[in-house]
>>> print(open('protein.txt').read())   # compact mmCIF, N, CA, C and O atoms
# COMPACT_ATOMS: atom_id res chain seq x y z
N MET A 88 36.01 3.02 11.35
CA MET A 88 34.95 3.91 11.79
C MET A 88 34.67 3.64 13.26
O MET A 88 34.39 2.54 13.66
N SER A 89 34.77 4.67 14.05
CA SER A 89 34.54 4.56 15.48
C SER A 89 33.09 4.91 15.80
O SER A 89 32.54 5.87 15.29
N VAL A 90 32.49 4.10 16.66
CA VAL A 90 31.10 4.33 17.03
C VAL A 90 31.07 4.87 18.46
O VAL A 90 31.61 4.24 19.37
N ASP A 91 30.47 6.01 18.63
CA ASP A 91 30.32 6.60 19.95
C ASP A 91 29.05 6.03 20.59
O ASP A 91 27.94 6.35 20.18
N LYS A 92 29.23 5.18 21.59
CA LYS A 92 28.09 4.51 22.21
C LYS A 92 27.13 5.50 22.87
O LYS A 92 25.92 5.30 22.84
N ALA A 93 27.65 6.56 23.45
CA ALA A 93 26.79 7.56 24.09
C ALA A 93 25.91 8.24 23.04
O ALA A 93 24.73 8.49 23.26
N GLU A 94 26.50 8.53 21.88
CA GLU A 94 25.73 9.16 20.80
C GLU A 94 24.66 8.21 20.27
O GLU A 94 23.52 8.62 20.02
N LEU A 95 25.02 6.93 20.10
CA LEU A 95 24.03 5.95 19.64
C LEU A 95 22.89 5.80 20.64
O LEU A 95 21.73 5.72 20.25
N CYS A 96 23.23 5.77 21.91
CA CYS A 96 22.20 5.65 22.95
C CYS A 96 21.29 6.87 22.92
O CYS A 96 20.07 6.75 23.03
N GLY A 97 21.88 8.04 22.75
CA GLY A 97 21.09 9.26 22.65
C GLY A 97 20.15 9.23 21.46
O GLY A 97 18.98 9.65 21.55
N SER A 98 20.64 8.72 20.34
CA SER A 98 19.80 8.60 19.14
C SER A 98 18.65 7.62 19.38
O SER A 98 17.51 7.86 18.96
N LEU A 99 18.94 6.51 20.05
CA LEU A 99 17.89 5.54 20.36
C LEU A 99 16.84 6.15 21.28
O LEU A 99 15.64 5.99 21.05
N LEU A 100 17.28 6.89 22.29
CA LEU A 100 16.33 7.53 23.20
C LEU A 100 15.46 8.55 22.45
O LEU A 100 14.25 8.62 22.68
N THR A 101 16.07 9.32 21.57
CA THR A 101 15.32 10.30 20.79
C THR A 101 14.27 9.60 19.93
O THR A 101 13.11 10.02 19.86
N TRP A 102 14.66 8.50 19.28
CA TRP A 102 13.74 7.74 18.44
C TRP A 102 12.61 7.14 19.28
O TRP A 102 11.44 7.22 18.89
N LEU A 103 12.93 6.58 20.44
CA LEU A 103 11.91 5.97 21.29
C LEU A 103 10.89 7.00 21.76
O LEU A 103 9.72 6.68 21.96
N GLN A 104 11.32 8.24 21.94
CA GLN A 104 10.42 9.29 22.40
C GLN A 104 9.39 9.68 21.33
O GLN A 104 8.42 10.37 21.64
N THR A 105 9.58 9.24 20.09
CA THR A 105 8.60 9.53 19.05
C THR A 105 7.39 8.60 19.15
O THR A 105 6.40 8.81 18.45
N PHE A 106 7.48 7.58 19.99
CA PHE A 106 6.38 6.64 20.21
C PHE A 106 5.69 6.97 21.54
O PHE A 106 6.28 7.58 22.42
N HIS A 107 4.46 6.54 21.67
CA HIS A 107 3.74 6.72 22.92
C HIS A 107 4.12 5.58 23.87
O HIS A 107 3.67 4.46 23.71
N VAL A 108 5.00 5.89 24.80
CA VAL A 108 5.45 4.91 25.80
C VAL A 108 4.90 5.39 27.15
O VAL A 108 5.02 6.57 27.47
N PRO A 109 4.28 4.50 27.93
CA PRO A 109 3.57 4.93 29.15
C PRO A 109 4.47 5.36 30.32
O PRO A 109 3.97 5.55 31.41
N PHE A 110 5.74 5.53 30.10
CA PHE A 110 6.63 5.97 31.17
C PHE A 110 7.79 6.74 30.53
O PHE A 110 8.01 6.63 29.33
N PRO A 111 8.52 7.52 31.33
CA PRO A 111 9.62 8.32 30.75
C PRO A 111 10.67 7.43 30.08
O PRO A 111 10.95 6.33 30.53
N CYS A 112 11.20 7.95 29.01
CA CYS A 112 12.26 7.24 28.29
C CYS A 112 13.31 8.28 27.91
O CYS A 112 13.42 8.66 26.75
N THR A 113 14.05 8.75 28.91
CA THR A 113 14.97 9.85 28.69
C THR A 113 16.41 9.55 29.07
O THR A 113 17.29 10.36 28.84
N SER A 114 16.65 8.36 29.66
CA SER A 114 18.01 8.03 30.09
C SER A 114 18.31 6.56 29.78
O SER A 114 17.38 5.76 29.63
N PRO A 115 19.59 6.20 29.71
CA PRO A 115 19.93 4.78 29.49
C PRO A 115 19.33 3.86 30.54
O PRO A 115 18.96 2.73 30.24
N GLN A 116 19.17 4.33 31.76
CA GLN A 116 18.57 3.52 32.81
C GLN A 116 17.12 3.17 32.50
O GLN A 116 16.64 2.11 32.89
N ASP A 117 16.44 4.07 31.77
CA ASP A 117 15.06 3.81 31.38
C ASP A 117 14.95 2.66 30.39
O ASP A 117 13.88 2.10 30.20
N LEU A 118 16.06 2.30 29.75
CA LEU A 118 16.07 1.20 28.78
C LEU A 118 16.41 -0.14 29.40
O LEU A 118 16.22 -1.18 28.79
N SER A 119 16.91 -0.12 30.62
CA SER A 119 17.49 -1.33 31.21
C SER A 119 16.50 -2.47 31.41
O SER A 119 16.89 -3.63 31.34
N SER A 120 15.23 -2.18 31.62
CA SER A 120 14.26 -3.26 31.84
C SER A 120 13.77 -3.86 30.53
O SER A 120 13.23 -4.96 30.52
N GLY A 121 13.90 -3.14 29.43
CA GLY A 121 13.40 -3.62 28.15
C GLY A 121 11.96 -3.24 27.88
O GLY A 121 11.44 -3.48 26.79
N LEU A 122 11.29 -2.63 28.87
CA LEU A 122 9.88 -2.29 28.71
C LEU A 122 9.65 -1.26 27.60
O LEU A 122 8.69 -1.38 26.84
N ALA A 123 10.50 -0.26 27.52
CA ALA A 123 10.31 0.77 26.50
C ALA A 123 10.34 0.15 25.11
O ALA A 123 9.47 0.43 24.27
N ILE A 124 11.31 -0.70 24.88
CA ILE A 124 11.42 -1.34 23.57
C ILE A 124 10.25 -2.29 23.33
O ILE A 124 9.73 -2.37 22.22
N ALA A 125 9.79 -2.96 24.37
CA ALA A 125 8.64 -3.85 24.23
C ALA A 125 7.40 -3.05 23.80
O ALA A 125 6.67 -3.48 22.91
N TYR A 126 7.16 -1.90 24.41
CA TYR A 126 6.02 -1.08 24.03
C TYR A 126 6.15 -0.56 22.60
O TYR A 126 5.18 -0.48 21.87
N VAL A 127 7.35 -0.19 22.21
CA VAL A 127 7.57 0.29 20.85
C VAL A 127 7.35 -0.85 19.84
O VAL A 127 6.70 -0.66 18.81
N LEU A 128 7.86 -2.04 20.14
CA LEU A 128 7.62 -3.18 19.24
C LEU A 128 6.13 -3.45 19.10
O LEU A 128 5.65 -3.77 18.01
N ASN A 129 5.39 -3.32 20.20
CA ASN A 129 3.95 -3.51 20.16
C ASN A 129 3.29 -2.49 19.23
O ASN A 129 2.35 -2.81 18.52
N GLN A 130 3.79 -1.25 19.22
CA GLN A 130 3.22 -0.22 18.35
C GLN A 130 3.63 -0.41 16.89
O GLN A 130 2.86 -0.11 15.98
N ILE A 131 4.84 -0.91 16.66
CA ILE A 131 5.31 -1.13 15.30
C ILE A 131 4.59 -2.30 14.64
O ILE A 131 4.18 -2.21 13.48
N ASP A 132 4.43 -3.40 15.37
CA ASP A 132 3.78 -4.58 14.80
C ASP A 132 2.89 -5.24 15.86
O ASP A 132 3.24 -6.25 16.45
N PRO A 133 1.71 -4.65 16.10
CA PRO A 133 0.83 -5.17 17.14
C PRO A 133 0.25 -6.54 16.83
O PRO A 133 -0.22 -7.23 17.74
N SER A 134 0.30 -6.98 15.59
CA SER A 134 -0.21 -8.32 15.29
C SER A 134 0.77 -9.39 15.78
O SER A 134 0.36 -10.49 16.15
N TRP A 135 2.04 -9.07 15.79
CA TRP A 135 3.04 -10.02 16.26
C TRP A 135 3.33 -9.82 17.75
O TRP A 135 3.31 -10.76 18.53
N PHE A 136 3.64 -8.59 18.13
CA PHE A 136 3.91 -8.25 19.53
C PHE A 136 2.59 -7.76 20.13
O PHE A 136 2.43 -6.59 20.45
N ASN A 137 1.65 -8.68 20.29
CA ASN A 137 0.29 -8.34 20.69
C ASN A 137 0.17 -8.08 22.19
O ASN A 137 1.15 -8.14 22.93
N GLU A 138 -1.05 -7.78 22.63
CA GLU A 138 -1.28 -7.46 24.04
C GLU A 138 -0.93 -8.63 24.95
O GLU A 138 -0.41 -8.44 26.05
N ALA A 139 -1.21 -9.86 24.52
CA ALA A 139 -0.85 -11.03 25.34
C ALA A 139 0.66 -11.11 25.51
O ALA A 139 1.16 -11.39 26.61
N TRP A 140 1.41 -10.87 24.45
CA TRP A 140 2.86 -10.86 24.52
C TRP A 140 3.34 -9.74 25.44
O TRP A 140 4.20 -9.94 26.29
N LEU A 141 2.75 -8.56 25.29
CA LEU A 141 3.14 -7.40 26.08
C LEU A 141 2.87 -7.63 27.56
O LEU A 141 3.68 -7.22 28.41
N GLN A 142 1.79 -8.31 27.89
CA GLN A 142 1.47 -8.57 29.29
C GLN A 142 2.47 -9.54 29.93
O GLN A 142 2.60 -9.58 31.14
N GLY A 143 3.18 -10.30 29.11
CA GLY A 143 4.18 -11.22 29.63
C GLY A 143 5.49 -10.53 29.97
O GLY A 143 6.39 -11.14 30.53
N ILE A 144 5.61 -9.24 29.65
CA ILE A 144 6.82 -8.49 29.94
C ILE A 144 6.65 -7.82 31.30
O ILE A 144 5.65 -7.18 31.57
N SER A 145 7.65 -7.94 32.12
CA SER A 145 7.62 -7.38 33.47
C SER A 145 8.74 -6.36 33.62
O SER A 145 9.77 -6.45 32.96
N ASP A 146 8.55 -5.40 34.53
CA ASP A 146 9.62 -4.44 34.76
C ASP A 146 10.71 -5.02 35.65
O ASP A 146 11.75 -4.42 35.85
N ASP A 147 10.47 -6.22 36.19
CA ASP A 147 11.48 -6.92 36.99
C ASP A 147 11.99 -8.09 36.17
O ASP A 147 11.34 -9.12 36.06
N PRO A 148 13.18 -7.96 35.55
CA PRO A 148 13.66 -9.02 34.66
C PRO A 148 14.09 -10.29 35.39
O PRO A 148 14.39 -11.28 34.76
N GLY A 149 14.10 -10.29 36.72
CA GLY A 149 14.50 -11.48 37.47
C GLY A 149 13.77 -12.73 37.03
O GLY A 149 14.35 -13.66 36.49
N PRO A 150 12.44 -12.80 37.21
CA PRO A 150 11.70 -14.00 36.81
C PRO A 150 11.22 -13.96 35.37
O PRO A 150 10.56 -14.87 34.93
N ASN A 151 11.55 -12.93 34.64
CA ASN A 151 11.02 -12.75 33.30
C ASN A 151 11.91 -13.43 32.27
O ASN A 151 12.88 -12.85 31.80
N TRP A 152 11.57 -14.64 31.88
CA TRP A 152 12.42 -15.40 30.96
C TRP A 152 12.51 -14.76 29.59
O TRP A 152 13.51 -14.89 28.91
N ARG A 153 11.48 -14.02 29.18
CA ARG A 153 11.55 -13.38 27.86
C ARG A 153 12.69 -12.37 27.81
O ARG A 153 13.42 -12.29 26.85
N LEU A 154 12.82 -11.57 28.86
CA LEU A 154 13.89 -10.58 28.87
C LEU A 154 15.25 -11.23 29.12
O LEU A 154 16.26 -10.76 28.62
N LYS A 155 15.29 -12.31 29.90
CA LYS A 155 16.55 -13.01 30.11
C LYS A 155 17.07 -13.60 28.80
O LYS A 155 18.24 -13.48 28.47
N VAL A 156 16.20 -14.23 28.06
CA VAL A 156 16.59 -14.91 26.83
C VAL A 156 17.11 -13.93 25.80
O VAL A 156 18.09 -14.17 25.13
N THR A 157 16.47 -12.80 25.70
CA THR A 157 16.82 -11.87 24.63
C THR A 157 17.59 -10.65 25.10
O THR A 157 17.93 -9.80 24.29
N GLY A 158 17.85 -10.56 26.37
CA GLY A 158 18.56 -9.40 26.89
C GLY A 158 17.74 -8.12 26.79
O GLY A 158 18.29 -7.03 26.83
N GLY A 159 16.43 -8.25 26.65
CA GLY A 159 15.57 -7.09 26.59
C GLY A 159 15.48 -6.44 25.23
O GLY A 159 14.72 -5.51 25.03
N LEU A 160 16.25 -6.93 24.28
CA LEU A 160 16.23 -6.32 22.95
C LEU A 160 15.84 -7.36 21.91
O LEU A 160 16.66 -8.08 21.39
N MET A 161 14.55 -7.45 21.65
CA MET A 161 14.06 -8.39 20.65
C MET A 161 13.96 -7.66 19.33
O MET A 161 13.30 -6.63 19.25
N THR A 162 14.60 -8.19 18.32
CA THR A 162 14.59 -7.51 17.03
C THR A 162 13.89 -8.34 15.99
O THR A 162 13.80 -9.56 16.09
N GLY A 163 13.42 -7.67 14.98
CA GLY A 163 12.74 -8.36 13.89
C GLY A 163 11.52 -9.09 14.38
O GLY A 163 10.79 -8.60 15.21
N ARG A 164 11.33 -10.29 13.89
CA ARG A 164 10.17 -11.09 14.27
C ARG A 164 10.56 -12.28 15.15
O ARG A 164 9.82 -13.24 15.25
N GLN A 165 11.70 -12.22 15.77
CA GLN A 165 12.13 -13.35 16.59
C GLN A 165 11.85 -13.04 18.05
O GLN A 165 12.44 -12.18 18.65
N THR A 166 10.90 -13.76 18.63
CA THR A 166 10.54 -13.54 20.02
C THR A 166 11.27 -14.54 20.91
O THR A 166 11.90 -15.48 20.43
N GLY A 167 11.15 -14.36 22.19
CA GLY A 167 11.77 -15.27 23.13
C GLY A 167 11.29 -16.70 22.97
O GLY A 167 12.04 -17.64 23.11
N GLU A 168 9.99 -16.85 22.62
CA GLU A 168 9.46 -18.21 22.43
C GLU A 168 10.18 -18.91 21.29
O GLU A 168 10.50 -20.10 21.39
N GLU A 169 10.45 -18.21 20.19
CA GLU A 169 11.12 -18.83 19.05
C GLU A 169 12.55 -19.21 19.40
O GLU A 169 13.04 -20.26 18.98
N ILE A 170 13.23 -18.36 20.14
CA ILE A 170 14.62 -18.65 20.51
C ILE A 170 14.67 -19.91 21.36
O ILE A 170 15.53 -20.78 21.15
N ILE A 171 13.75 -20.06 22.27
CA ILE A 171 13.74 -21.27 23.12
C ILE A 171 13.44 -22.50 22.29
O ILE A 171 14.08 -23.54 22.43
N ARG A 172 12.45 -22.41 21.36
CA ARG A 172 12.12 -23.56 20.52
C ARG A 172 13.30 -23.98 19.66
O ARG A 172 13.57 -25.16 19.45
N GLU A 173 14.01 -23.00 19.12
CA GLU A 173 15.14 -23.31 18.23
C GLU A 173 16.36 -23.77 19.00
O GLU A 173 17.19 -24.49 18.46
N GLY A 174 16.50 -23.30 20.25
CA GLY A 174 17.69 -23.56 21.05
C GLY A 174 17.72 -24.94 21.52
O GLY A 174 18.57 -25.72 21.68
>>> encode(input="protein.txt", output="C-alpha cells")
Amino acid sequence: MSVDKAELCGSLLTWLQTFHVPFPCTSPQDLSSGLAIAYVLNQIDPSWFNEAWLQGISDDPGPNWRLKVTGGLMTGRQTGEEIIREG
C-alpha cells in the first residue's frame, strides 16, 4: 500500500481547520512550527495540555526544547517533559 504524503498532509490540514486555531492553517508551512498542533492538543485535552503548557510553546523552535525534543508533533499523553525524564 502506497501512502501519498501530499494527500495525508492535505487531510491533516483539513482536520486541523475543524478546530479554532488562532492563525491560518492552510499549508504545510503552517505546520512547521508545531503551534497549530499544540493549539489543537490543548482543545482536545485541556487538562493535560493546559494553558501553562501552551504558553511554553513558541513559534521560534530554536530555543524551544519542547518542540526540539518532539519534533513539534506530540501524540497521546507523552509530553516533552516525560520524554526528557525517561531519556
>>> atom_distance(input="protein.txt", atom1="atom O of Pro109 in chain A", atom2="atom N of Asn137 in chain A")
18.2 Å
>>> atom_distance(input="protein.txt", atom1="atom C of Ile144 in chain A", atom2="CA of Leu122 in chain A")
6.9 Å
>>> closest_residue(input="protein.txt", among="A:Val127, A:Leu95, A:Leu141, A:Val90", to="His107 in chain A", atoms="all atoms listed in the file")
A:Val127
>>> atom_distance(input="protein.txt", atom1="CA of Glu138 in chain A", atom2="CA of Asp117 in chain A")
21.2 Å
>>> select_by_dssp(input="protein.txt", residues="range 95-128 of chain A", states="alpha helix (DSSP H)", output="list in words")
Leu95, Cys96, Gly97, Ser98, Leu99, Leu100, Thr101, Trp102, Leu103, Leu122, Ala123, Ile124, Ala125, Tyr126, Val127 and Leu128 of chain A
>>> residues_near_point(input="protein.txt", point="(8.1, -2.5, 26.7)", cutoff="8 Å", atoms="all atoms listed in the file", output="count of residues only")
15
